[in-house]
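Right, one structure below, let's go through it.
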Amino acid sequence: MKTSDSTLRSDMQYGLSCSRSLYNLNKYLNSQEDARSRVNAIRNVLSKPSGLYVAWTFLKQNYEKLNGTVLTGIFTDFGKKINTKADLDDIGNFFENKNLTLEEKESWSVATIQIKSNIKWIGQEFDSIKAWLSELNAGNEVNYRLPTNLLPNSYDIVIQPYIGDSWGEKSFTFNGSIAINFTCAEPTNKIIFHGIDLNLDTNSFKIESSDNIEIEQRYTEDKITNFIQINMNKQCQKGLNYVLKMDYSGLIIENLYGFYRSSYMNEQNQIEYLATTHFQPTDARRAFPCFDEPGLKATFKMTIIRHKNFSSSVFNTPLEAHPQPDGDWFVDKFKETPKMSTYLVAFVVSNFDTIKNQTSKNIQVEVWGRPERIKNGDGDFSLKETQLILDFFEDYFNITYPLEKSSQIGVPDFNAGAMENWGAVIYRETALFYNPKTDALSNKQRVSSVVSHELAHQWFGNLVTPDWWNDIWLNEGFASWVEYLGVNYTHPEWNFLDLFYVQKLKVMELDSLESSHSVSFDVNDPGEINSLFDKISYDKGSSIIRMMNAFLTENTFKNGVSNYLREFEYKNAKQDDLWQYLTNQSHADATLDKTMSVKDIMDTWTLKKGYPYVTLIRNYGEEEMVLTQKWFLLNPASKILNTEEYDNYKWFIPFTYTSQENPIFDFETKPIWLVPDDQELKVKINNINDGSWIIGNLKHSAFMRVNYDERNWNMLIDQLKTNNTIIDPINRATLLDDSFNLGRAEIIDQLLFMRMTEYLKDEEEGLPFVPALIGLNYIANMIGDDYFASNSYKNYIIGLMNSTYHRLGWDTVSDDLVDLQISTIRLMCSYGFEDCVSEAQSRFDDWMKNNSTLPSNFKIIIYSTVIKFGDEETWLNLYEKAKAMSDNTEKLRIFRGLASTRDASLLSIILNSASDTEIIRSQDETSVIAYVALNPLGRKLAFDHLEDNWDKLFERHGDVSFTLSSLVDSITKYLNTNSYLFRLMNFVERNSNLGVATKAFEQAIENVQFNTRWTSKNLEPIKQWLNSN
């Protein structure tokens, strides 16, 4: 700052501190040249709304550079800014052992009094002020809900699509006509419904009624709410039915929602177009005017006029009659649907082929897809799964499947895994097609899981639908649990019910962040609605439904659900309706005490975020254990810790346990209940010796963690090392996962997890390795920048996994060991274990030279290993091979391997390819970026790419629930430096509209803060432990 005017210099310094960019504030602080200017800069930043964290972090890191300057002014500023106990404790602990002057000590004492006053004021006044502000702003909130005056009864729709680029101005457009029958529930002279990007022909507007009402030949459109309003010349009469008719036109768009286009190369290497739909949650309004809310159910009749160049169209229901020719067009008229929500409507116009069969109850099942995939037999497996699983769910729900047919349709471009449209389920190809010659067991299991999930929705979600989107977790959570029942029915050899817990570990991490959200919460606009479709809704939702299945018992749960579905079939319901039917059944079956209700229990799990950990402390010599519960927060620096709100945050917890004396691990063990009002629960354990271990949460039936006193932990570790099979595999997995995460949260010593992993040399089951390897991989990523620690860690892992590697090898193993075999080989190869790398290279060379077949389960490992330890020529040859591939599944496998390179310039090529639709399908763009982020070198490049291309990514994927959130998580989950934290916070500040990824960025910031703390606290102890083991 080149000026000799001290006043001007001071003003400019203050001006620089006004930046809203956290990155720029950090840069400003670091630019100060002497101690006095540093103190002034800290005070400048502290005076800004977002400056506390930046200033405090800078002060801690640069305290020695302040060279005895007086800090009284900074302490005074702290007194004005700080209002949480966590911040007070953090600052107080830092200065506790510092050599402060008497003046500074007095200043800090005064500041402490002020901060405590701030904390008290916040505790007393915050909620009332927040409520007052909400009330003040209530009038400014946009209401996205339709008026309730009109209720739809039926839709009669005709759609004529112009698919392809040979239609001139009509290319990729469609004409439509519609007749909407609705009832006047309350008198109004306004017809308000939804529509986006539809051109309504006002000359065609017509209304039919018995009261001779008329409508205007014009309409108004609200671009924010998507409301379209047509005025009537008088109010409608309550109870009368009306039919609104109109013609309209619209676009078959490129984005993968609404009525959109897709394409593929046929066997003659010519491009084939198709048109398909994806309406959930709020995009039916892009294809036809409608009352587009889940609670406004109606019946649908569809007529599709398709050009003769397209061989078929598919709708929710079968064709009413054989297609009728009309010149160059065919008229496909479909049967009327049952009453259903608009988001479940689906139709596809294509040149697909189909295979068909029937269930034991004579329901026609179909698989539709590209002709070459059907001819190749890729749909055979999913067709058989559909037959069997439909039969299973008819028996499970004790309700007949309500439609005549069930079509499973695989489209080349689809942003979700699949969509449960009633009778016409649409899938991403990788979720429907399986080739036993080229695909891995994981591909087969994915197809079975997704088919089971979508078919479960045909009852739970389609037959009975949530009244509004805040209860969508019930839809997705339920289907995400019973999908495991469906797969377990068709493939008991996969032990899928045991796999449930280890496949839901990620959500336990997400839900332990303070930035998490409850599974049920109020949503209003489409952006908020889309954000609900995340791991919390799916995976936490399914976990707490599984928990109900355990404490109610399976028969009670199943019968209660069946009664609920029968009562509300073809209607809508709220979560409280299900709770009532489950309560009724549980009281009748005596599986739940009549003083308790499912609502009381489940409200503590659905209406608040997070989950508990139970601490089990044994009073040795007194035959007693004491149970207490606390909210499990992964981040030890969470501001809410040790507050009154935290202390009062409690659940109804079904706690189960067993002991070394009689180790019975029963999923339906009758629990003892910890209730929110209890400070502690004392339990007599008369038949358990002091020298025997106790283990809680049998088969991880409850969504929580368990901590033990140190003696009990040590007895459990000893048991694992002497004979681990005494403990159930799921609970062995739970011990590893709980010890790892309780250590991360600084509730126990992180080294306890490391001590526990030593037993894995003797572990022969796959389940415990899943959380173990997640924990070990996290530690590897956190210490990866320290060469000596990383090298010692590599040697420890190789020694730990060596016996498992040689026991399983590369040959075929039973299905229940395949995941462990793949994980072991992947790990050993990634660490450069010579035998592993040599085997991968040998198989790769044979494939490249002799066109031999690579083992399906090991393809990604082989590609990744050869690329990681190979040269640029190998990379380029494989890249060109991938680009030329028509098999998209295999192409993505190769790109995942290519992302393992240690050459940054080659990783940049992948990132550039991700957005090139000539190479990578739009639906797979974020997956390819995530592949790069899996590579520690690529993680930094992927972060840069996210920053530089956010607007484009948001434009292409911003309306899709999972996509951007998953990408943010993939890129940021292992970042662990303050520089990345500041960049991330700055990015969020600069981008006001993060859409469905808003919550993901909040979680990412909290996660990076936590990673940074973990690394500084645990790096040295782990290095010392590795050196002594």
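Following the order of the structure tokens, first chain is A, next is B, and so on, with residues numbered from 1 inside each chain and ligands from 1 in the order they appear.
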Close residues, Lys883 (chain A) itself excluded, 9 Å, only C-alpha atoms, min 4 positions apart in chain, as a PyMOL selection string: chain A and resi 878-879+891+918-920
Keeping all heavy atoms for every residue in the selection just given, could you write it to a file as a PDB file, in the first residue's frame?
```pdb
ATOM      1  N   LEU A 878      -5.431 -46.411 -23.582  1.00  0.00           N
ATOM      2  CA  LEU A 878      -6.666 -46.801 -22.920  1.00  0.00           C
ATOM      3  C   LEU A 878      -7.728 -45.705 -23.046  1.00  0.00           C
ATOM      4  O   LEU A 878      -8.926 -45.992 -23.198  1.00  0.00           O
ATOM      5  CB  LEU A 878      -6.382 -47.099 -21.446  1.00  0.00           C
ATOM      6  CG  LEU A 878      -7.459 -47.892 -20.679  1.00  0.00           C
ATOM      7  CD1 LEU A 878      -7.763 -49.206 -21.375  1.00  0.00           C
ATOM      8  CD2 LEU A 878      -7.021 -48.144 -19.244  1.00  0.00           C
ATOM      9  N   TYR A 879      -7.298 -44.459 -23.021  1.00  0.00           N
ATOM     10  CA  TYR A 879      -8.222 -43.331 -23.184  1.00  0.00           C
ATOM     11  C   TYR A 879      -8.888 -43.392 -24.565  1.00  0.00           C
ATOM     12  O   TYR A 879     -10.110 -43.228 -24.682  1.00  0.00           O
ATOM     13  CB  TYR A 879      -7.465 -42.020 -23.009  1.00  0.00           C
ATOM     14  CG  TYR A 879      -8.285 -40.772 -23.261  1.00  0.00           C
ATOM     15  CD1 TYR A 879      -9.293 -40.388 -22.392  1.00  0.00           C
ATOM     16  CD2 TYR A 879      -8.035 -39.968 -24.373  1.00  0.00           C
ATOM     17  CE1 TYR A 879     -10.037 -39.237 -22.613  1.00  0.00           C
ATOM     18  CE2 TYR A 879      -8.773 -38.811 -24.608  1.00  0.00           C
ATOM     19  CZ  TYR A 879      -9.774 -38.454 -23.727  1.00  0.00           C
ATOM     20  OH  TYR A 879     -10.509 -37.318 -23.959  1.00  0.00           O
ATOM     21  N   LYS A 891     -17.162 -48.188 -20.614  1.00  0.00           N
ATOM     22  CA  LYS A 891     -16.475 -46.899 -20.781  1.00  0.00           C
ATOM     23  C   LYS A 891     -16.249 -46.230 -19.425  1.00  0.00           C
ATOM     24  O   LYS A 891     -15.157 -45.736 -19.144  1.00  0.00           O
ATOM     25  CB  LYS A 891     -17.301 -45.979 -21.691  1.00  0.00           C
ATOM     26  CG  LYS A 891     -16.712 -44.571 -21.830  1.00  0.00           C
ATOM     27  CD  LYS A 891     -17.627 -43.663 -22.632  1.00  0.00           C
ATOM     28  CE  LYS A 891     -17.540 -43.981 -24.105  1.00  0.00           C
ATOM     29  NZ  LYS A 891     -18.244 -42.968 -24.938  1.00  0.00           N
ATOM     30  N   GLU A 918     -19.879 -35.768 -26.626  1.00  0.00           N
ATOM     31  CA  GLU A 918     -19.446 -36.727 -27.636  1.00  0.00           C
ATOM     32  C   GLU A 918     -18.688 -37.888 -26.983  1.00  0.00           C
ATOM     33  O   GLU A 918     -18.541 -38.953 -27.573  1.00  0.00           O
ATOM     34  CB  GLU A 918     -18.537 -36.039 -28.664  1.00  0.00           C
ATOM     35  CG  GLU A 918     -19.213 -34.964 -29.503  1.00  0.00           C
ATOM     36  CD  GLU A 918     -20.281 -35.549 -30.416  1.00  0.00           C
ATOM     37  OE1 GLU A 918     -20.012 -36.585 -31.057  1.00  0.00           O
ATOM     38  OE2 GLU A 918     -21.386 -34.966 -30.479  1.00  0.00           O
ATOM     39  N   ILE A 919     -18.188 -37.660 -25.761  1.00  0.00           N
ATOM     40  CA  ILE A 919     -17.401 -38.679 -25.060  1.00  0.00           C
ATOM     41  C   ILE A 919     -18.166 -39.238 -23.870  1.00  0.00           C
ATOM     42  O   ILE A 919     -18.259 -40.454 -23.695  1.00  0.00           O
ATOM     43  CB  ILE A 919     -16.053 -38.083 -24.579  1.00  0.00           C
ATOM     44  CG1 ILE A 919     -15.260 -37.535 -25.766  1.00  0.00           C
ATOM     45  CG2 ILE A 919     -15.239 -39.131 -23.819  1.00  0.00           C
ATOM     46  CD1 ILE A 919     -13.999 -36.785 -25.365  1.00  0.00           C
ATOM     47  N   ILE A 920     -18.720 -38.350 -23.048  1.00  0.00           N
ATOM     48  CA  ILE A 920     -19.400 -38.741 -21.807  1.00  0.00           C
ATOM     49  C   ILE A 920     -20.853 -38.272 -21.850  1.00  0.00           C
ATOM     50  O   ILE A 920     -21.123 -37.109 -22.160  1.00  0.00           O
ATOM     51  CB  ILE A 920     -18.695 -38.119 -20.578  1.00  0.00           C
ATOM     52  CG1 ILE A 920     -17.245 -38.581 -20.482  1.00  0.00           C
ATOM     53  CG2 ILE A 920     -19.453 -38.444 -19.296  1.00  0.00           C
ATOM     54  CD1 ILE A 920     -17.063 -40.062 -20.230  1.00  0.00           C
TER      55      ILE A 920
END
```
Distance query region 487-491 of chain A at most 7 Å, only C-alpha atoms, self and fewer than 6 positions along chain excluded, as a list in words: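 The neighbour list is Leu388, Ser448, Ser449, Ser452 and Leu497 of chain A.
The residue set within 9 Å of Arg902 (chain A), counting only C-alpha atoms and dropping same-chain residues fewer than 2 places from it, reads Ile867, Lys868, Phe869, Ala899, Ser900, Ala904, Leu906, Leu907, Asn935, Leu937 and Gly938 of chain A.
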Export all heavy atoms of the chosen residues as an mmCIF file, in the first residue's frame?
```cif
data_model
loop_
_atom_site.group_PDB
_atom_site.id
_atom_site.type_symbol
_atom_site.label_atom_id
_atom_site.label_comp_id
_atom_site.auth_asym_id
_atom_site.auth_seq_id
_atom_site.Cartn_x
_atom_site.Cartn_y
_atom_site.Cartn_z
ATOM 1 N N ILE A 867 -2.749 -48.104 -14.700
ATOM 2 C CA ILE A 867 -2.623 -46.667 -14.968
ATOM 3 C C ILE A 867 -1.789 -45.982 -13.884
ATOM 4 O O ILE A 867 -0.912 -45.150 -14.174
ATOM 5 C CB ILE A 867 -4.020 -46.028 -15.058
ATOM 6 C CG1 ILE A 867 -4.725 -46.472 -16.347
ATOM 7 C CG2 ILE A 867 -3.931 -44.508 -14.995
ATOM 8 C CD1 ILE A 867 -4.004 -46.107 -17.634
ATOM 9 N N LYS A 868 -2.030 -46.327 -12.631
ATOM 10 C CA LYS A 868 -1.308 -45.678 -11.539
ATOM 11 C C LYS A 868 0.194 -45.923 -11.633
ATOM 12 O O LYS A 868 0.997 -45.009 -11.404
ATOM 13 C CB LYS A 868 -1.836 -46.173 -10.188
ATOM 14 C CG LYS A 868 -1.153 -45.516 -8.985
ATOM 15 C CD LYS A 868 -1.814 -45.918 -7.677
ATOM 16 C CE LYS A 868 -1.164 -45.201 -6.496
ATOM 17 N NZ LYS A 868 -1.848 -45.525 -5.224
ATOM 18 N N PHE A 869 0.571 -47.139 -11.970
ATOM 19 C CA PHE A 869 1.994 -47.481 -11.992
ATOM 20 C C PHE A 869 2.550 -47.579 -13.415
ATOM 21 O O PHE A 869 3.684 -48.020 -13.609
ATOM 22 C CB PHE A 869 2.214 -48.802 -11.252
ATOM 23 C CG PHE A 869 1.818 -48.733 -9.803
ATOM 24 C CD1 PHE A 869 0.639 -49.320 -9.359
ATOM 25 C CD2 PHE A 869 2.608 -48.060 -8.882
ATOM 26 C CE1 PHE A 869 0.255 -49.239 -8.027
ATOM 27 C CE2 PHE A 869 2.235 -47.974 -7.546
ATOM 28 C CZ PHE A 869 1.056 -48.571 -7.118
ATOM 29 N N ALA A 899 -8.581 -42.311 -14.082
ATOM 30 C CA ALA A 899 -8.482 -41.264 -13.060
ATOM 31 C C ALA A 899 -7.471 -41.600 -11.963
ATOM 32 O O ALA A 899 -7.231 -40.780 -11.074
ATOM 33 C CB ALA A 899 -9.851 -41.011 -12.438
ATOM 34 N N SER A 900 -6.845 -42.770 -12.030
ATOM 35 C CA SER A 900 -5.847 -43.154 -11.031
ATOM 36 C C SER A 900 -4.444 -42.671 -11.377
ATOM 37 O O SER A 900 -3.503 -42.891 -10.608
ATOM 38 C CB SER A 900 -5.830 -44.688 -10.871
ATOM 39 O OG SER A 900 -7.066 -45.158 -10.401
ATOM 40 N N ALA A 904 -0.925 -34.942 -13.449
ATOM 41 C CA ALA A 904 -1.986 -33.936 -13.353
ATOM 42 C C ALA A 904 -2.526 -33.532 -14.719
ATOM 43 O O ALA A 904 -3.715 -33.259 -14.873
ATOM 44 C CB ALA A 904 -1.476 -32.706 -12.605
ATOM 45 N N LEU A 906 -2.906 -35.369 -17.340
ATOM 46 C CA LEU A 906 -3.829 -36.391 -17.829
ATOM 47 C C LEU A 906 -5.158 -36.334 -17.067
ATOM 48 O O LEU A 906 -6.222 -36.556 -17.651
ATOM 49 C CB LEU A 906 -3.202 -37.780 -17.697
ATOM 50 C CG LEU A 906 -1.898 -37.990 -18.484
ATOM 51 C CD1 LEU A 906 -1.347 -39.394 -18.262
ATOM 52 C CD2 LEU A 906 -2.121 -37.743 -19.971
ATOM 53 N N LEU A 907 -5.105 -36.007 -15.799
ATOM 54 C CA LEU A 907 -6.344 -35.820 -15.033
ATOM 55 C C LEU A 907 -7.145 -34.643 -15.583
ATOM 56 O O LEU A 907 -8.379 -34.677 -15.614
ATOM 57 C CB LEU A 907 -6.016 -35.588 -13.557
ATOM 58 C CG LEU A 907 -5.487 -36.801 -12.783
ATOM 59 C CD1 LEU A 907 -5.005 -36.384 -11.401
ATOM 60 C CD2 LEU A 907 -6.558 -37.884 -12.659
ATOM 61 N N ASN A 935 -8.804 -39.533 -6.484
ATOM 62 C CA ASN A 935 -7.349 -39.503 -6.532
ATOM 63 C C ASN A 935 -6.859 -38.317 -5.691
ATOM 64 O O ASN A 935 -7.293 -37.186 -5.915
ATOM 65 C CB ASN A 935 -6.922 -39.345 -7.994
ATOM 66 C CG ASN A 935 -5.432 -39.370 -8.207
ATOM 67 O OD1 ASN A 935 -4.657 -39.012 -7.324
ATOM 68 N ND2 ASN A 935 -5.021 -39.765 -9.400
ATOM 69 N N LEU A 937 -4.288 -36.504 -5.774
ATOM 70 C CA LEU A 937 -3.824 -35.432 -6.657
ATOM 71 C C LEU A 937 -5.012 -34.815 -7.391
ATOM 72 O O LEU A 937 -5.104 -33.586 -7.539
ATOM 73 C CB LEU A 937 -2.801 -35.980 -7.660
ATOM 74 C CG LEU A 937 -2.353 -35.031 -8.775
ATOM 75 C CD1 LEU A 937 -1.647 -33.804 -8.191
ATOM 76 C CD2 LEU A 937 -1.431 -35.761 -9.751
ATOM 77 N N GLY A 938 -5.928 -35.644 -7.817
ATOM 78 C CA GLY A 938 -7.082 -35.162 -8.575
ATOM 79 C C GLY A 938 -8.068 -34.365 -7.765
ATOM 80 O O GLY A 938 -8.820 -33.548 -8.293
#
```
DSSP strand (DSSP E) residues within region 413-495 of chain A, listed as an MDAnalysis selection string: chainID A and resid 418:419 424:428 464:466
Any idea what's packed within 12 Å of Asn619 (chain A), counting only C-alpha atoms, ignoring anything in its chain fewer than 4 positions away? Could you give it as a PDB file with N, CA, C and O atoms, in the first residue's frame?
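The resulting file, out_25.pdb, is reproduced below:
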```
ATOM      1  N   GLU A 623     -23.057 -55.528  40.056  1.00  0.00           N
ATOM      2  CA  GLU A 623     -23.970 -56.167  39.097  1.00  0.00           C
ATOM      3  C   GLU A 623     -24.980 -55.163  38.526  1.00  0.00           C
ATOM      4  O   GLU A 623     -26.189 -55.387  38.526  1.00  0.00           O
ATOM      5  N   GLU A 624     -24.455 -54.063  38.023  1.00  0.00           N
ATOM      6  CA  GLU A 624     -25.309 -52.988  37.531  1.00  0.00           C
ATOM      7  C   GLU A 624     -24.604 -52.282  36.374  1.00  0.00           C
ATOM      8  O   GLU A 624     -23.378 -52.167  36.353  1.00  0.00           O
ATOM      9  N   MET A 625     -25.402 -51.844  35.403  1.00  0.00           N
ATOM     10  CA  MET A 625     -24.872 -50.952  34.373  1.00  0.00           C
ATOM     11  C   MET A 625     -25.754 -49.716  34.311  1.00  0.00           C
ATOM     12  O   MET A 625     -26.961 -49.781  34.561  1.00  0.00           O
ATOM     13  N   VAL A 626     -25.114 -48.604  33.991  1.00  0.00           N
ATOM     14  CA  VAL A 626     -25.822 -47.323  33.915  1.00  0.00           C
ATOM     15  C   VAL A 626     -25.774 -46.838  32.473  1.00  0.00           C
ATOM     16  O   VAL A 626     -24.695 -46.724  31.874  1.00  0.00           O
ATOM     17  N   LEU A 627     -26.945 -46.560  31.909  1.00  0.00           N
ATOM     18  CA  LEU A 627     -27.052 -46.093  30.527  1.00  0.00           C
ATOM     19  C   LEU A 627     -27.410 -44.622  30.500  1.00  0.00           C
ATOM     20  O   LEU A 627     -28.326 -44.177  31.198  1.00  0.00           O
ATOM     21  N   LYS A 682     -30.574 -47.109  35.230  1.00  0.00           N
ATOM     22  CA  LYS A 682     -29.794 -48.149  35.892  1.00  0.00           C
ATOM     23  C   LYS A 682     -30.437 -49.506  35.636  1.00  0.00           C
ATOM     24  O   LYS A 682     -31.655 -49.671  35.806  1.00  0.00           O
ATOM     25  N   VAL A 683     -29.621 -50.453  35.202  1.00  0.00           N
ATOM     26  CA  VAL A 683     -30.119 -51.781  34.827  1.00  0.00           C
ATOM     27  C   VAL A 683     -29.358 -52.834  35.625  1.00  0.00           C
ATOM     28  O   VAL A 683     -28.115 -52.851  35.612  1.00  0.00           O
ATOM     29  N   LYS A 684     -30.074 -53.714  36.321  1.00  0.00           N
ATOM     30  CA  LYS A 684     -29.434 -54.800  37.053  1.00  0.00           C
ATOM     31  C   LYS A 684     -29.000 -55.896  36.076  1.00  0.00           C
ATOM     32  O   LYS A 684     -29.753 -56.272  35.173  1.00  0.00           O
ATOM     33  N   ILE A 685     -27.777 -56.375  36.232  1.00  0.00           N
ATOM     34  CA  ILE A 685     -27.224 -57.420  35.350  1.00  0.00           C
ATOM     35  C   ILE A 685     -26.709 -58.553  36.241  1.00  0.00           C
ATOM     36  O   ILE A 685     -25.513 -58.840  36.304  1.00  0.00           O
ATOM     37  N   ASN A 686     -27.652 -59.247  36.885  1.00  0.00           N
ATOM     38  CA  ASN A 686     -27.311 -60.204  37.938  1.00  0.00           C
ATOM     39  C   ASN A 686     -26.478 -61.388  37.457  1.00  0.00           C
ATOM     40  O   ASN A 686     -25.711 -61.963  38.232  1.00  0.00           O
ATOM     41  N   ILE A 688     -24.187 -61.566  34.975  1.00  0.00           N
ATOM     42  CA  ILE A 688     -23.025 -61.237  34.152  1.00  0.00           C
ATOM     43  C   ILE A 688     -21.832 -60.968  35.068  1.00  0.00           C
ATOM     44  O   ILE A 688     -21.870 -60.076  35.921  1.00  0.00           O
ATOM     45  N   ASN A 689     -20.795 -61.743  34.897  1.00  0.00           N
ATOM     46  CA  ASN A 689     -19.593 -61.596  35.709  1.00  0.00           C
ATOM     47  C   ASN A 689     -18.848 -60.322  35.363  1.00  0.00           C
ATOM     48  O   ASN A 689     -18.894 -59.844  34.223  1.00  0.00           O
ATOM     49  N   ASP A 690     -18.089 -59.808  36.321  1.00  0.00           N
ATOM     50  CA  ASP A 690     -17.293 -58.606  36.081  1.00  0.00           C
ATOM     51  C   ASP A 690     -16.240 -58.833  34.997  1.00  0.00           C
ATOM     52  O   ASP A 690     -15.824 -57.882  34.327  1.00  0.00           O
ATOM     53  N   TYR A 708     -18.556 -47.517  25.704  1.00  0.00           N
ATOM     54  CA  TYR A 708     -18.429 -48.333  26.905  1.00  0.00           C
ATOM     55  C   TYR A 708     -17.370 -47.747  27.826  1.00  0.00           C
ATOM     56  O   TYR A 708     -16.549 -46.919  27.416  1.00  0.00           O
ATOM     57  N   ASP A 709     -17.377 -48.224  29.079  1.00  0.00           N
ATOM     58  CA  ASP A 709     -16.259 -47.867  29.938  1.00  0.00           C
ATOM     59  C   ASP A 709     -15.000 -48.569  29.415  1.00  0.00           C
ATOM     60  O   ASP A 709     -15.069 -49.557  28.675  1.00  0.00           O
ATOM     61  N   ARG A 711     -12.731 -50.495  30.602  1.00  0.00           N
ATOM     62  CA  ARG A 711     -12.523 -51.928  30.907  1.00  0.00           C
ATOM     63  C   ARG A 711     -13.346 -52.798  29.970  1.00  0.00           C
ATOM     64  O   ARG A 711     -12.858 -53.824  29.480  1.00  0.00           O
ATOM     65  N   ASN A 712     -14.591 -52.418  29.718  1.00  0.00           N
ATOM     66  CA  ASN A 712     -15.435 -53.205  28.818  1.00  0.00           C
ATOM     67  C   ASN A 712     -14.908 -53.149  27.379  1.00  0.00           C
ATOM     68  O   ASN A 712     -14.911 -54.164  26.665  1.00  0.00           O
TER      69      ASN A 712
END
```
